[in-house]
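Student: Contents are mmCIF, C-alpha atoms; file name my_file.cif:
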```
data_run
#
loop_
_atom_site.label_atom_id
_atom_site.label_comp_id
_atom_site.auth_asym_id
_atom_site.auth_seq_id
_atom_site.Cartn_x
_atom_site.Cartn_y
_atom_site.Cartn_z
CA MET Y 1 0.00 0.00 0.00
CA ARG Y 2 2.85 2.36 0.80
CA ARG Y 3 4.35 1.77 -2.64
CA ARG Y 4 1.01 2.41 -4.36
CA LEU Y 5 0.48 5.61 -2.36
CA GLN Y 6 3.97 6.73 -3.34
CA GLU Y 7 3.26 6.05 -7.01
CA LYS Y 8 -0.04 7.91 -7.05
CA GLY Y 9 1.18 10.81 -4.91
CA ASN Y 10 4.45 11.17 -6.78
CA GLU Y 11 3.42 14.43 -8.44
CA TYR Y 12 4.10 16.22 -5.15
CA GLY Y 13 7.67 14.95 -4.87
CA LEU Y 14 7.25 13.83 -1.25
CA SER Y 15 8.28 10.51 0.26
CA SER Y 16 5.87 8.40 2.31
CA ALA Y 17 7.74 9.53 5.45
CA GLN Y 18 7.19 13.15 4.46
CA TRP Y 19 3.49 12.49 3.88
CA GLY Y 20 3.35 10.85 7.31
CA LEU Y 21 4.92 13.95 8.82
CA LEU Y 22 2.41 16.22 7.08
CA PHE Y 23 -0.58 14.15 8.18
CA ARG Y 24 0.73 14.16 11.74
CA LEU Y 25 0.93 17.94 11.57
CA MET Y 26 -2.62 18.09 10.22
CA LYS Y 27 -3.76 16.37 13.42
CA GLU Y 28 -1.48 18.34 15.73
CA ASP Y 29 0.12 21.47 14.31
CA GLY Y 30 3.18 22.88 16.03
CA VAL Y 31 5.04 19.71 17.03
CA PRO Y 32 8.65 19.64 18.29
CA GLN Y 33 11.09 17.94 15.91
CA ALA Y 34 11.99 15.38 18.60
CA ARG Y 35 8.37 14.30 18.88
CA LEU Y 36 8.10 13.92 15.11
CA ALA Y 37 11.16 11.67 15.22
CA GLU Y 38 9.43 9.46 17.79
CA PHE Y 39 6.26 9.35 15.73
CA LEU Y 40 8.10 8.47 12.51
CA GLU Y 41 10.41 6.07 14.36
CA VAL Y 42 13.57 7.66 12.98
CA GLU Y 43 16.56 9.45 14.46
CA PRO Y 44 16.09 13.15 15.24
CA ILE Y 45 18.82 14.09 12.75
CA SER Y 46 16.82 12.36 10.00
CA VAL Y 47 13.75 14.42 10.87
CA SER Y 48 15.87 17.57 10.91
CA ARG Y 49 17.08 16.88 7.38
CA MET Y 50 13.58 15.95 6.24
CA VAL Y 51 12.18 19.17 7.70
CA ASP Y 52 15.01 21.15 6.06
CA ARG Y 53 14.01 19.83 2.62
CA MET Y 54 10.31 20.30 3.29
CA ALA Y 55 10.81 23.86 4.55
CA GLU Y 56 12.86 24.73 1.45
CA ASN Y 57 9.93 23.59 -0.69
CA GLY Y 58 7.27 25.42 1.31
CA TRP Y 59 5.59 22.42 3.00
CA VAL Y 60 6.45 23.29 6.61
CA VAL Y 61 7.90 26.15 8.67
CA ARG Y 62 9.99 26.11 11.85
CA ARG Y 63 9.17 28.42 14.72
CA ALA Y 64 10.70 28.80 18.15
CA GLY Y 65 8.67 27.27 20.99
CA ARG Y 66 6.70 29.62 23.23
CA MET Y 67 7.92 28.13 26.48
CA ASP Y 68 11.45 27.27 25.38
CA ARG Y 69 12.82 29.21 22.42
CA ARG Y 70 15.51 26.56 21.88
CA VAL Y 71 12.82 24.04 20.91
CA ARG Y 72 11.97 24.17 17.22
CA MET Y 73 8.28 23.68 16.54
CA ILE Y 74 7.23 22.44 13.11
CA HIS Y 75 4.09 23.89 11.55
CA ILE Y 76 2.28 22.94 8.36
CA THR Y 77 1.82 25.54 5.61
CA GLN Y 78 -1.26 26.38 3.57
CA LYS Y 79 0.40 24.74 0.55
CA ALA Y 80 0.63 21.49 2.52
CA ARG Y 81 -2.97 21.75 3.77
CA GLU Y 82 -4.20 22.06 0.20
CA ALA Y 83 -2.06 19.12 -0.96
CA CYS Y 84 -3.23 16.97 1.97
CA ASP Y 85 -6.82 17.22 0.75
CA SER Y 86 -5.71 15.85 -2.61
CA ILE Y 87 -3.54 13.09 -1.12
CA ARG Y 88 -6.44 12.05 1.12
CA GLN Y 89 -8.43 11.39 -2.03
CA ILE Y 90 -5.53 9.38 -3.41
CA SER Y 91 -5.21 7.37 -0.19
CA THR Y 92 -8.95 6.67 -0.19
CA SER Y 93 -8.69 5.29 -3.73
CA VAL Y 94 -5.73 3.09 -2.71
CA TYR Y 95 -7.60 1.76 0.34
CA ASP Y 96 -10.66 1.10 -1.81
CA GLU Y 97 -8.47 -0.77 -4.28
CA ALA Y 98 -6.85 -2.82 -1.49
CA LEU Y 99 -10.22 -3.71 0.02
CA LEU Y 100 -11.87 -4.48 -3.31
CA ASP Y 101 -14.20 -7.50 -3.17
CA MET Y 102 -14.13 -7.60 0.66
CA ALA Y 103 -17.51 -7.66 2.32
CA GLU Y 104 -18.23 -5.01 4.98
CA ASP Y 105 -18.05 -7.59 7.78
CA GLU Y 106 -14.66 -8.78 6.48
CA ARG Y 107 -13.43 -5.19 6.54
CA ARG Y 108 -14.63 -4.73 10.12
CA VAL Y 109 -12.89 -7.94 11.21
CA LEU Y 110 -9.67 -6.88 9.47
CA VAL Y 111 -9.64 -3.40 11.04
CA GLY Y 112 -10.53 -4.84 14.44
CA ALA Y 113 -7.69 -7.37 14.23
CA LEU Y 114 -5.17 -4.71 13.18
CA ASN Y 115 -6.28 -2.42 16.02
CA LYS Y 116 -5.93 -5.29 18.48
CA MET Y 117 -2.44 -6.09 17.19
CA ALA Y 118 -1.40 -2.44 17.59
CA ALA Y 119 -2.86 -2.32 21.12
CA ASN Y 120 -1.03 -5.52 22.06
CA LEU Y 121 2.27 -4.14 20.81
CA CYS Y 122 1.72 -0.84 22.60
CA ALA Y 123 0.98 -2.69 25.83
CA THR Y 124 4.17 -4.71 25.39
CA VAL Y 125 6.22 -1.55 24.78
CA SER Y 126 4.77 0.20 27.83
CA GLY Y 127 5.57 -2.81 30.00
CA GLY Y 128 2.21 -2.56 31.71
CA ASN Y 129 3.24 0.61 33.59
CA GLY Y 130 0.30 2.62 32.28
CA GLN Y 131 2.53 4.75 30.05
CA THR Y 132 2.56 3.99 26.39
CA ALA Y 133 5.16 4.75 23.75
CA CYS Y 134 2.53 4.46 21.05
CA PRO Y 135 0.89 7.48 19.46
#
```
What would you get if you wrote out this structure as structure tokens?
Tutor:
Amino acid sequence: MRRRLQEKGNEYGLSSAQWGLLFRLMKEDGVPQARLAEFLEVEPISVSRMVDRMAENGWVVRRAGRMDRRVRMIHITQKAREACDSIRQISTSVYDEALLDMAEDERRVLVGALNKMAANLCATVSGGNGQTACP
């Protein structure tokens, strides 16, 4: 699915990791770079380079944090917001293609199983201490 999304969204020149970063910012604008690294499961230096490229192309902007000016907060631009609407349509078409010929109850079972798997892995990561490392 990631490969198909990349193929169909190629006109924007963004990698799947960059799309993931943009969609994260759509949900929560103004995120510290370190938090984006955790979300994307990459090293902070990788996010820094990714944000550099995205900022150069007008997808995101960096701003100093309000509480700590040393913290660089990443914000999505209007250009990115407009592109996200288009890529959402692309992702919907890819999901529809992937789920083609699956009955609604099969889809519900699949999504339920995937959610359970993610919850199990989050519980394992947190070690049962009530804190989770999962987004």
Student: Starting from the PyMOL selection byres ((chain Y and resi 26) around 9), expand the selection into actual residues of this file and give them as a PyMOL selection string.
Tutor: chain Y and resi 21-25+27-29+75-76+81+84
Student: With all atoms listed in the file as the basis for distance, which of Y:Ala34, Y:Ala118, Y:Val111, Y:Ile90 is at the shortest distance from Asn10 of chain Y?
Tutor: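 Counting all atoms listed in the file, the residue closest to Asn10 of chain Y is Y:Ile90.
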Student: May I ask which of the residues Y:Leu40, Y:Met1, Y:Ala80, Y:Val31 is the closest one to Arg62 of chain Y, counting all atoms listed in the file?
Tutor: Y:Val31
Student: Could you jot down the atom CA of Ile74 of chain Y to atom CA of Arg35 of chain Y separation for me, Å, one decimal place?
Tutor: 10.0 Å
Student: Could you spell out the hits of the PyMOL selection byres ((chain Y and resi 13-16) around 12) on the shown file, as a ChimeraX atom specification?
Tutor: /Y:1-12,17-23,40,50-51,53-54,57-59,80,83-84,87,91
Student: My list of candidates is Y:Ile45, Y:Met67, Y:Ala55, Y:Met73. Which is closest to Gly30 of chain Y when distances are computed with all atoms listed in the file?
Tutor: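 When distances to Gly30 of chain Y are compared using all atoms listed in the file, the smallest one comes from Y:Met73.
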Student: Between atom CA of Met117 of chain Y and atom CA of Asp85 of chain Y, what is the distance in Å, rounded to a tenth?
Tutor: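 Atom-to-atom, atom CA of Met117 of chain Y to atom CA of Asp85 of chain Y, that is 28.9 Å.
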Student: Can you measure atom CA of Arg70 of chain Y to atom CA of Val42 of chain Y for me? One decimal in Å is fine.
Tutor: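 Calculated distance between atom CA of Arg70 of chain Y and atom CA of Val42 of chain Y is 21.0 Å.
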Student: For Gln33 of chain Y, which residue out of Y:Ala64, Y:Val47, Y:Val94, Y:Ala113 is the nearest one, using all atoms listed in the file?
Tutor: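 Between Y:Ala64, Y:Val47, Y:Val94, Y:Ala113, the residue approaching Gln33 of chain Y most closely is Y:Val47.
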Student: In the coordinates of the file, take the point (-15.1, -1.8, 1.3) and a cut-off of 12 Å; then, counting all atoms listed in the file, name each qualifying protein, DNA or RNA residue as a list in words.
Tutor: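 Neighbouring residues, ordered by chain and number, come to Thr92, Ser93, Val94, Tyr95, Asp96, Glu97, Ala98, Leu99, Leu100, Asp101, Met102, Ala103, Glu104, Asp105, Glu106, Arg107, Arg108, Val109, Leu110 and Val111 of chain Y.
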Student: Once 8 Å is added on each side, what are the centre and the three edge lengths, in Å to one decimal, of the axis-aligned box enclosing the listed atoms of segment 62-79 of chain Y? Present them as AutoDock Vina command-line options.
Tutor:
```
--center_x 7.1 --center_y 26.0 --center_z 13.5 --size_x 32.8 --size_y 23.2 --size_z 41.9
```
